[in-house]
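A quick write-up on the structure given underneath.
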Amino acid sequence: MAGYHAKKRLGQNFLKSPEVIQRIVDEVDPSPGRLVIEIGPGRGALTHPLAESGVELLAVEFDRDLVGYLEKLVRKFDNATILHADFLTFEPDAVRYPVFTLLGNLPYNITSPVMDWCDRYHGRIESAVFMVQEELALRLAGSPGSKNWSPLSVMTQMLFDVDFRFRVSGKAFRPPPKVTSAVVRLTPRATILDTATDAVRQVVKVSFKQRRKLLINNLVPEVIPTVAQACEILNDLGLDRSCRAEQVTIEQFLALTNGLLRLKLV
């Protein structure tokens, strides 16, 4: 697109590698009769091959300067629609499909808000294929006991299985970012452990408030009034008083929250 320059304030880095584009399209596995919602299509590197695949495509672009270009790019495809909107305000009820696949090359500053959106509408999501900064991908796919286990890991994995697929070099973009990216796939869990309630969010956030601290020291006195009471609660859950938040599983966070709810501490 001649004359257009990526906007730093929007975190724009446009994918240019044909090999990476094909790998991402393969991850989406498009087929007629399915709906793919693309978040921030940019210059349409993924939009065009998806439209060609015959899948029903809705591309949601925030940057008004790109909308006209994208509409021209897919104008011969009746199955492709360009919507000028902020995806974070998009309501799934606007589409007639009961479920859909999400796809997006997500700028760092909107990754967490997009994950919050996915939490709210997880019942509508068939799968999601996201390209994010590698550090965020590792956190999304993190596991208990690792340095990548975080509130983002916990809240996402309550609802989705997260699969780290592959890394993407900065050379695959124009302009090239200074960081490595990675593609992750999210698939709804076969058994939803719990909804991401405000109480769970509060407990998880407080537990990780200072990672170097013991879990008990983060919980007392912000959530649990005394150390003695905290020790009793943790003991009931089979948690050692010397554990840290990064060692606590999702099931244990849910049990901890339920215990605190019964005691009316959250």
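Letters A, B, ... go to the chains of the structure tokens in the order shown; residues in each chain start at 1; ligands are counted from 1 in the same order.
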
Check your understanding: Which neighbours of A:Lys16 fall inside 10 Å, counting only C-alpha atoms, when residues of the same chain fewer than 5 positions from it are skipped, and could you give them as a list in words?
Key ->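 The filter keeps Ile21, Arg43, Gly44, Ala45, Leu46, Lys171, Ala172, Phe173, Arg174, Pro175 and Pro176 of chain A.
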
Point to revise | Who sits within 10 Å of A:Arg124, only C-alpha atoms, same chain under 5 positions skipped, as a PyMOL selection string | key: chain A and resi 92-93+97-101+118+188

Practice item. Return as a PyMOL selection string the full set of residues in stretch 53-183 of chain A whose backbone-based DSSP assignment is helix (DSSP H, G or I). Key: chain A and resi 53+64-73+87-89+92-94+108-120+122-124+134-140+151-157+170-172

Limited to C-alpha atoms, could you put the picked residues into a file as an mmCIF file, in the first residue's frame?
```cif
data_model
loop_
_atom_site.group_PDB
_atom_site.id
_atom_site.type_symbol
_atom_site.label_atom_id
_atom_site.label_comp_id
_atom_site.auth_asym_id
_atom_site.auth_seq_id
_atom_site.Cartn_x
_atom_site.Cartn_y
_atom_site.Cartn_z
ATOM 1 C CA SER A 53 -10.415 -19.947 0.965
ATOM 2 C CA ARG A 64 -9.817 4.258 9.210
ATOM 3 C CA ASP A 65 -6.930 4.911 6.798
ATOM 4 C CA LEU A 66 -6.755 1.181 5.989
ATOM 5 C CA VAL A 67 -10.449 0.428 5.568
ATOM 6 C CA GLY A 68 -10.786 1.628 1.963
ATOM 7 C CA TYR A 69 -7.700 -0.291 0.907
ATOM 8 C CA LEU A 70 -8.977 -3.474 2.552
ATOM 9 C CA GLU A 71 -12.391 -3.130 0.929
ATOM 10 C CA LYS A 72 -10.735 -2.926 -2.484
ATOM 11 C CA LEU A 73 -8.528 -5.902 -1.633
ATOM 12 C CA PHE A 87 -12.763 -4.873 18.166
ATOM 13 C CA LEU A 88 -12.857 -4.435 21.946
ATOM 14 C CA THR A 89 -16.365 -2.947 21.600
ATOM 15 C CA PRO A 92 -20.789 -11.223 18.880
ATOM 16 C CA ASP A 93 -24.568 -10.925 18.622
ATOM 17 C CA ALA A 94 -23.884 -8.807 15.524
ATOM 18 C CA TYR A 108 1.288 -5.709 22.953
ATOM 19 C CA ASN A 109 -0.999 -3.046 24.430
ATOM 20 C CA ILE A 110 -4.248 -4.761 23.501
ATOM 21 C CA THR A 111 -3.374 -8.410 24.152
ATOM 22 C CA SER A 112 -4.734 -8.443 27.710
ATOM 23 C CA PRO A 113 -7.951 -6.567 26.762
ATOM 24 C CA VAL A 114 -8.511 -9.037 23.897
ATOM 25 C CA MET A 115 -8.056 -11.927 26.323
ATOM 26 C CA ASP A 116 -10.640 -10.305 28.618
ATOM 27 C CA TRP A 117 -12.980 -10.154 25.602
ATOM 28 C CA CYS A 118 -12.366 -13.847 24.985
ATOM 29 C CA ASP A 119 -13.175 -14.608 28.629
ATOM 30 C CA ARG A 120 -16.522 -12.807 28.324
ATOM 31 C CA HIS A 122 -15.748 -17.885 25.492
ATOM 32 C CA GLY A 123 -18.980 -19.748 24.754
ATOM 33 C CA ARG A 124 -18.991 -18.369 21.208
ATOM 34 C CA GLU A 134 6.850 -14.136 22.586
ATOM 35 C CA GLU A 135 6.938 -13.203 26.262
ATOM 36 C CA LEU A 136 3.142 -12.944 26.281
ATOM 37 C CA ALA A 137 2.785 -16.211 24.385
ATOM 38 C CA LEU A 138 4.926 -17.936 27.009
ATOM 39 C CA ARG A 139 2.775 -16.470 29.779
ATOM 40 C CA LEU A 140 -0.456 -17.516 28.055
ATOM 41 C CA PRO A 151 -2.546 -14.033 36.347
ATOM 42 C CA LEU A 152 -2.852 -14.015 32.535
ATOM 43 C CA SER A 153 -2.046 -17.749 32.444
ATOM 44 C CA VAL A 154 -4.519 -18.591 35.199
ATOM 45 C CA MET A 155 -7.467 -16.578 33.917
ATOM 46 C CA THR A 156 -6.976 -17.695 30.315
ATOM 47 C CA GLN A 157 -6.493 -21.373 31.101
ATOM 48 C CA GLY A 170 10.977 -9.757 13.492
ATOM 49 C CA LYS A 171 12.232 -10.096 9.902
ATOM 50 C CA ALA A 172 8.777 -11.397 8.941
#
```

Exercise for review: Excluding A:Ile224 and residues on its chain fewer than 3 positions from it, collect all residues at most 12 Å away from it, counting only C-alpha atoms, and give them as a PyMOL selection string.
Suggested key: chain A and resi 203+206-207+215-221+227-234+256-257+259-261+263-266

Keeping only N, CA and C atoms, write those residues as a PDB file, in the first residue's frame.
```
ATOM      1  N   VAL A 203      -8.489 -12.617  43.897  1.00  0.00           N
ATOM      2  CA  VAL A 203      -7.586 -13.501  44.639  1.00  0.00           C
ATOM      3  C   VAL A 203      -6.303 -13.756  43.850  1.00  0.00           C
ATOM      4  N   VAL A 206      -4.101 -10.520  43.803  1.00  0.00           N
ATOM      5  CA  VAL A 206      -3.425 -10.285  45.079  1.00  0.00           C
ATOM      6  C   VAL A 206      -2.321 -11.320  45.299  1.00  0.00           C
ATOM      7  N   SER A 207      -2.582 -12.565  44.923  1.00  0.00           N
ATOM      8  CA  SER A 207      -1.605 -13.636  45.139  1.00  0.00           C
ATOM      9  C   SER A 207      -0.300 -13.376  44.399  1.00  0.00           C
ATOM     10  N   LEU A 215       3.140 -16.702  49.098  1.00  0.00           N
ATOM     11  CA  LEU A 215       1.711 -16.502  48.894  1.00  0.00           C
ATOM     12  C   LEU A 215       1.055 -15.943  50.146  1.00  0.00           C
ATOM     13  N   ILE A 216       1.402 -16.501  51.288  1.00  0.00           N
ATOM     14  CA  ILE A 216       0.773 -16.088  52.536  1.00  0.00           C
ATOM     15  C   ILE A 216       1.020 -14.610  52.841  1.00  0.00           C
ATOM     16  N   ASN A 217       2.205 -14.117  52.462  1.00  0.00           N
ATOM     17  CA  ASN A 217       2.526 -12.710  52.727  1.00  0.00           C
ATOM     18  C   ASN A 217       1.810 -11.758  51.775  1.00  0.00           C
ATOM     19  N   ASN A 218       1.418 -12.253  50.619  1.00  0.00           N
ATOM     20  CA  ASN A 218       0.608 -11.436  49.722  1.00  0.00           C
ATOM     21  C   ASN A 218      -0.853 -11.402  50.168  1.00  0.00           C
ATOM     22  N   LEU A 219      -1.322 -12.514  50.736  1.00  0.00           N
ATOM     23  CA  LEU A 219      -2.727 -12.606  51.140  1.00  0.00           C
ATOM     24  C   LEU A 219      -3.013 -11.879  52.451  1.00  0.00           C
ATOM     25  N   VAL A 220      -2.006 -11.818  53.357  1.00  0.00           N
ATOM     26  CA  VAL A 220      -2.178 -11.182  54.664  1.00  0.00           C
ATOM     27  C   VAL A 220      -1.522  -9.813  54.653  1.00  0.00           C
ATOM     28  N   PRO A 221      -2.228  -8.762  55.091  1.00  0.00           N
ATOM     29  CA  PRO A 221      -3.620  -8.742  55.566  1.00  0.00           C
ATOM     30  C   PRO A 221      -4.620  -8.297  54.489  1.00  0.00           C
ATOM     31  N   VAL A 227      -2.052 -14.193  59.968  1.00  0.00           N
ATOM     32  CA  VAL A 227      -1.206 -15.265  59.465  1.00  0.00           C
ATOM     33  C   VAL A 227      -1.740 -16.612  59.921  1.00  0.00           C
ATOM     34  N   ALA A 228      -2.200 -16.686  61.168  1.00  0.00           N
ATOM     35  CA  ALA A 228      -2.720 -17.947  61.691  1.00  0.00           C
ATOM     36  C   ALA A 228      -3.914 -18.434  60.872  1.00  0.00           C
ATOM     37  N   GLN A 229      -4.819 -17.521  60.529  1.00  0.00           N
ATOM     38  CA  GLN A 229      -5.990 -17.892  59.732  1.00  0.00           C
ATOM     39  C   GLN A 229      -5.570 -18.309  58.324  1.00  0.00           C
ATOM     40  N   ALA A 230      -4.588 -17.593  57.768  1.00  0.00           N
ATOM     41  CA  ALA A 230      -4.094 -17.923  56.431  1.00  0.00           C
ATOM     42  C   ALA A 230      -3.462 -19.312  56.418  1.00  0.00           C
ATOM     43  N   CYS A 231      -2.680 -19.643  57.451  1.00  0.00           N
ATOM     44  CA  CYS A 231      -2.050 -20.957  57.536  1.00  0.00           C
ATOM     45  C   CYS A 231      -3.101 -22.056  57.576  1.00  0.00           C
ATOM     46  N   GLU A 232      -4.176 -21.816  58.317  1.00  0.00           N
ATOM     47  CA  GLU A 232      -5.242 -22.803  58.423  1.00  0.00           C
ATOM     48  C   GLU A 232      -5.921 -23.027  57.070  1.00  0.00           C
ATOM     49  N   ILE A 233      -6.186 -21.922  56.345  1.00  0.00           N
ATOM     50  CA  ILE A 233      -6.844 -22.009  55.038  1.00  0.00           C
ATOM     51  C   ILE A 233      -5.955 -22.733  54.040  1.00  0.00           C
ATOM     52  N   LEU A 234      -4.667 -22.378  54.003  1.00  0.00           N
ATOM     53  CA  LEU A 234      -3.738 -23.016  53.060  1.00  0.00           C
ATOM     54  C   LEU A 234      -3.556 -24.496  53.387  1.00  0.00           C
ATOM     55  N   LEU A 256      -9.236 -21.994  46.820  1.00  0.00           N
ATOM     56  CA  LEU A 256      -8.897 -20.901  47.731  1.00  0.00           C
ATOM     57  C   LEU A 256      -9.968 -19.815  47.685  1.00  0.00           C
ATOM     58  N   THR A 257     -10.378 -19.446  46.476  1.00  0.00           N
ATOM     59  CA  THR A 257     -11.416 -18.419  46.322  1.00  0.00           C
ATOM     60  C   THR A 257     -12.716 -18.858  46.963  1.00  0.00           C
ATOM     61  N   GLY A 259     -13.146 -20.954  49.370  1.00  0.00           N
ATOM     62  CA  GLY A 259     -12.984 -20.919  50.828  1.00  0.00           C
ATOM     63  C   GLY A 259     -13.090 -19.509  51.372  1.00  0.00           C
ATOM     64  N   LEU A 260     -12.493 -18.555  50.684  1.00  0.00           N
ATOM     65  CA  LEU A 260     -12.544 -17.156  51.115  1.00  0.00           C
ATOM     66  C   LEU A 260     -13.962 -16.596  50.977  1.00  0.00           C
ATOM     67  N   LEU A 261     -14.686 -17.053  49.945  1.00  0.00           N
ATOM     68  CA  LEU A 261     -16.076 -16.633  49.782  1.00  0.00           C
ATOM     69  C   LEU A 261     -16.938 -17.134  50.935  1.00  0.00           C
ATOM     70  N   LEU A 263     -16.011 -17.699  53.905  1.00  0.00           N
ATOM     71  CA  LEU A 263     -15.657 -16.910  55.089  1.00  0.00           C
ATOM     72  C   LEU A 263     -15.973 -15.424  54.935  1.00  0.00           C
ATOM     73  N   LYS A 264     -16.523 -15.085  53.750  1.00  0.00           N
ATOM     74  CA  LYS A 264     -16.893 -13.696  53.429  1.00  0.00           C
ATOM     75  C   LYS A 264     -15.693 -12.752  53.496  1.00  0.00           C
ATOM     76  N   LEU A 265     -14.551 -13.274  53.033  1.00  0.00           N
ATOM     77  CA  LEU A 265     -13.331 -12.459  53.012  1.00  0.00           C
ATOM     78  C   LEU A 265     -13.103 -11.825  51.630  1.00  0.00           C
ATOM     79  N   VAL A 266     -13.821 -12.290  50.630  1.00  0.00           N
ATOM     80  CA  VAL A 266     -13.789 -11.652  49.291  1.00  0.00           C
ATOM     81  C   VAL A 266     -15.225 -11.517  48.804  1.00  0.00           C
TER      82      VAL A 266
END
```

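Of the residues under consideration (A:Met131, A:Val74, A:Val184, A:Leu83), A:Leu83 shows the shortest atom-to-atom contact distance to A:Ala59 when counting only C-alpha atoms.
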
Point to revise | Residue set, stretch 44-256 of chain A restricted to strand (DSSP E), as a ChimeraX atom specification | key: /A:56-61,80-84,100-105,125-133,160-168,173-174,181-188

Check your understanding: Using only C-alpha atoms, which of the listed residues (A:Leu102, A:Val55, A:Ala85, A:Arg96) sits closest to A:Ile37?
Key ->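 Result for the nearest residue to A:Ile37: A:Leu102.
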
Review point. In terms of the shortest atom-to-atom distance over only C-alpha atoms, which of A:Arg165, A:Thr187, A:Glu38, A:Lys147 is closest to A:Ala128?
Key: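 Closest to A:Ala128, using only C-alpha atoms: A:Thr187.
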
Point to revise | Distance query A:Pro32 at most 12 Å, only C-alpha atoms, self and fewer than 3 positions along chain excluded, as a PyMOL selection string | key: chain A and resi 29+35-36+50-57+79-80

Could you dump the residues just selected with N, CA and C atoms as a compact mmCIF listing (two decimals), in the first residue's frame?
```
# COMPACT_ATOMS: atom_id res chain seq x y z
N ASP A 29 -7.17 -23.18 9.53
CA ASP A 29 -7.84 -24.27 8.82
C ASP A 29 -9.20 -23.81 8.27
N LEU A 35 -17.15 -19.21 10.19
CA LEU A 35 -16.90 -17.78 10.30
C LEU A 35 -15.56 -17.54 10.98
N VAL A 36 -14.74 -16.73 10.35
CA VAL A 36 -13.48 -16.27 10.95
C VAL A 36 -13.60 -14.76 11.16
N LEU A 50 -7.48 -15.73 3.28
CA LEU A 50 -8.66 -16.24 3.97
C LEU A 50 -9.91 -16.04 3.11
N ALA A 51 -10.01 -14.87 2.49
CA ALA A 51 -11.16 -14.62 1.60
C ALA A 51 -11.14 -15.61 0.45
N GLU A 52 -9.96 -15.90 -0.08
CA GLU A 52 -9.84 -16.86 -1.18
C GLU A 52 -10.26 -18.27 -0.77
N SER A 53 -10.12 -18.59 0.49
CA SER A 53 -10.41 -19.95 0.97
C SER A 53 -11.90 -20.27 0.94
N GLY A 54 -12.74 -19.24 0.89
CA GLY A 54 -14.18 -19.45 0.88
C GLY A 54 -14.82 -19.38 2.25
N VAL A 55 -14.01 -19.24 3.29
CA VAL A 55 -14.56 -19.10 4.63
C VAL A 55 -15.33 -17.77 4.73
N GLU A 56 -16.35 -17.72 5.58
CA GLU A 56 -17.02 -16.44 5.85
C GLU A 56 -16.08 -15.60 6.70
N LEU A 57 -15.70 -14.43 6.20
CA LEU A 57 -14.67 -13.62 6.87
C LEU A 57 -15.21 -12.25 7.25
N ASN A 79 -17.87 -13.37 0.29
CA ASN A 79 -17.78 -13.97 1.62
C ASN A 79 -16.94 -13.15 2.60
N ALA A 80 -16.43 -11.99 2.16
CA ALA A 80 -15.55 -11.19 3.02
C ALA A 80 -16.16 -9.81 3.27
```
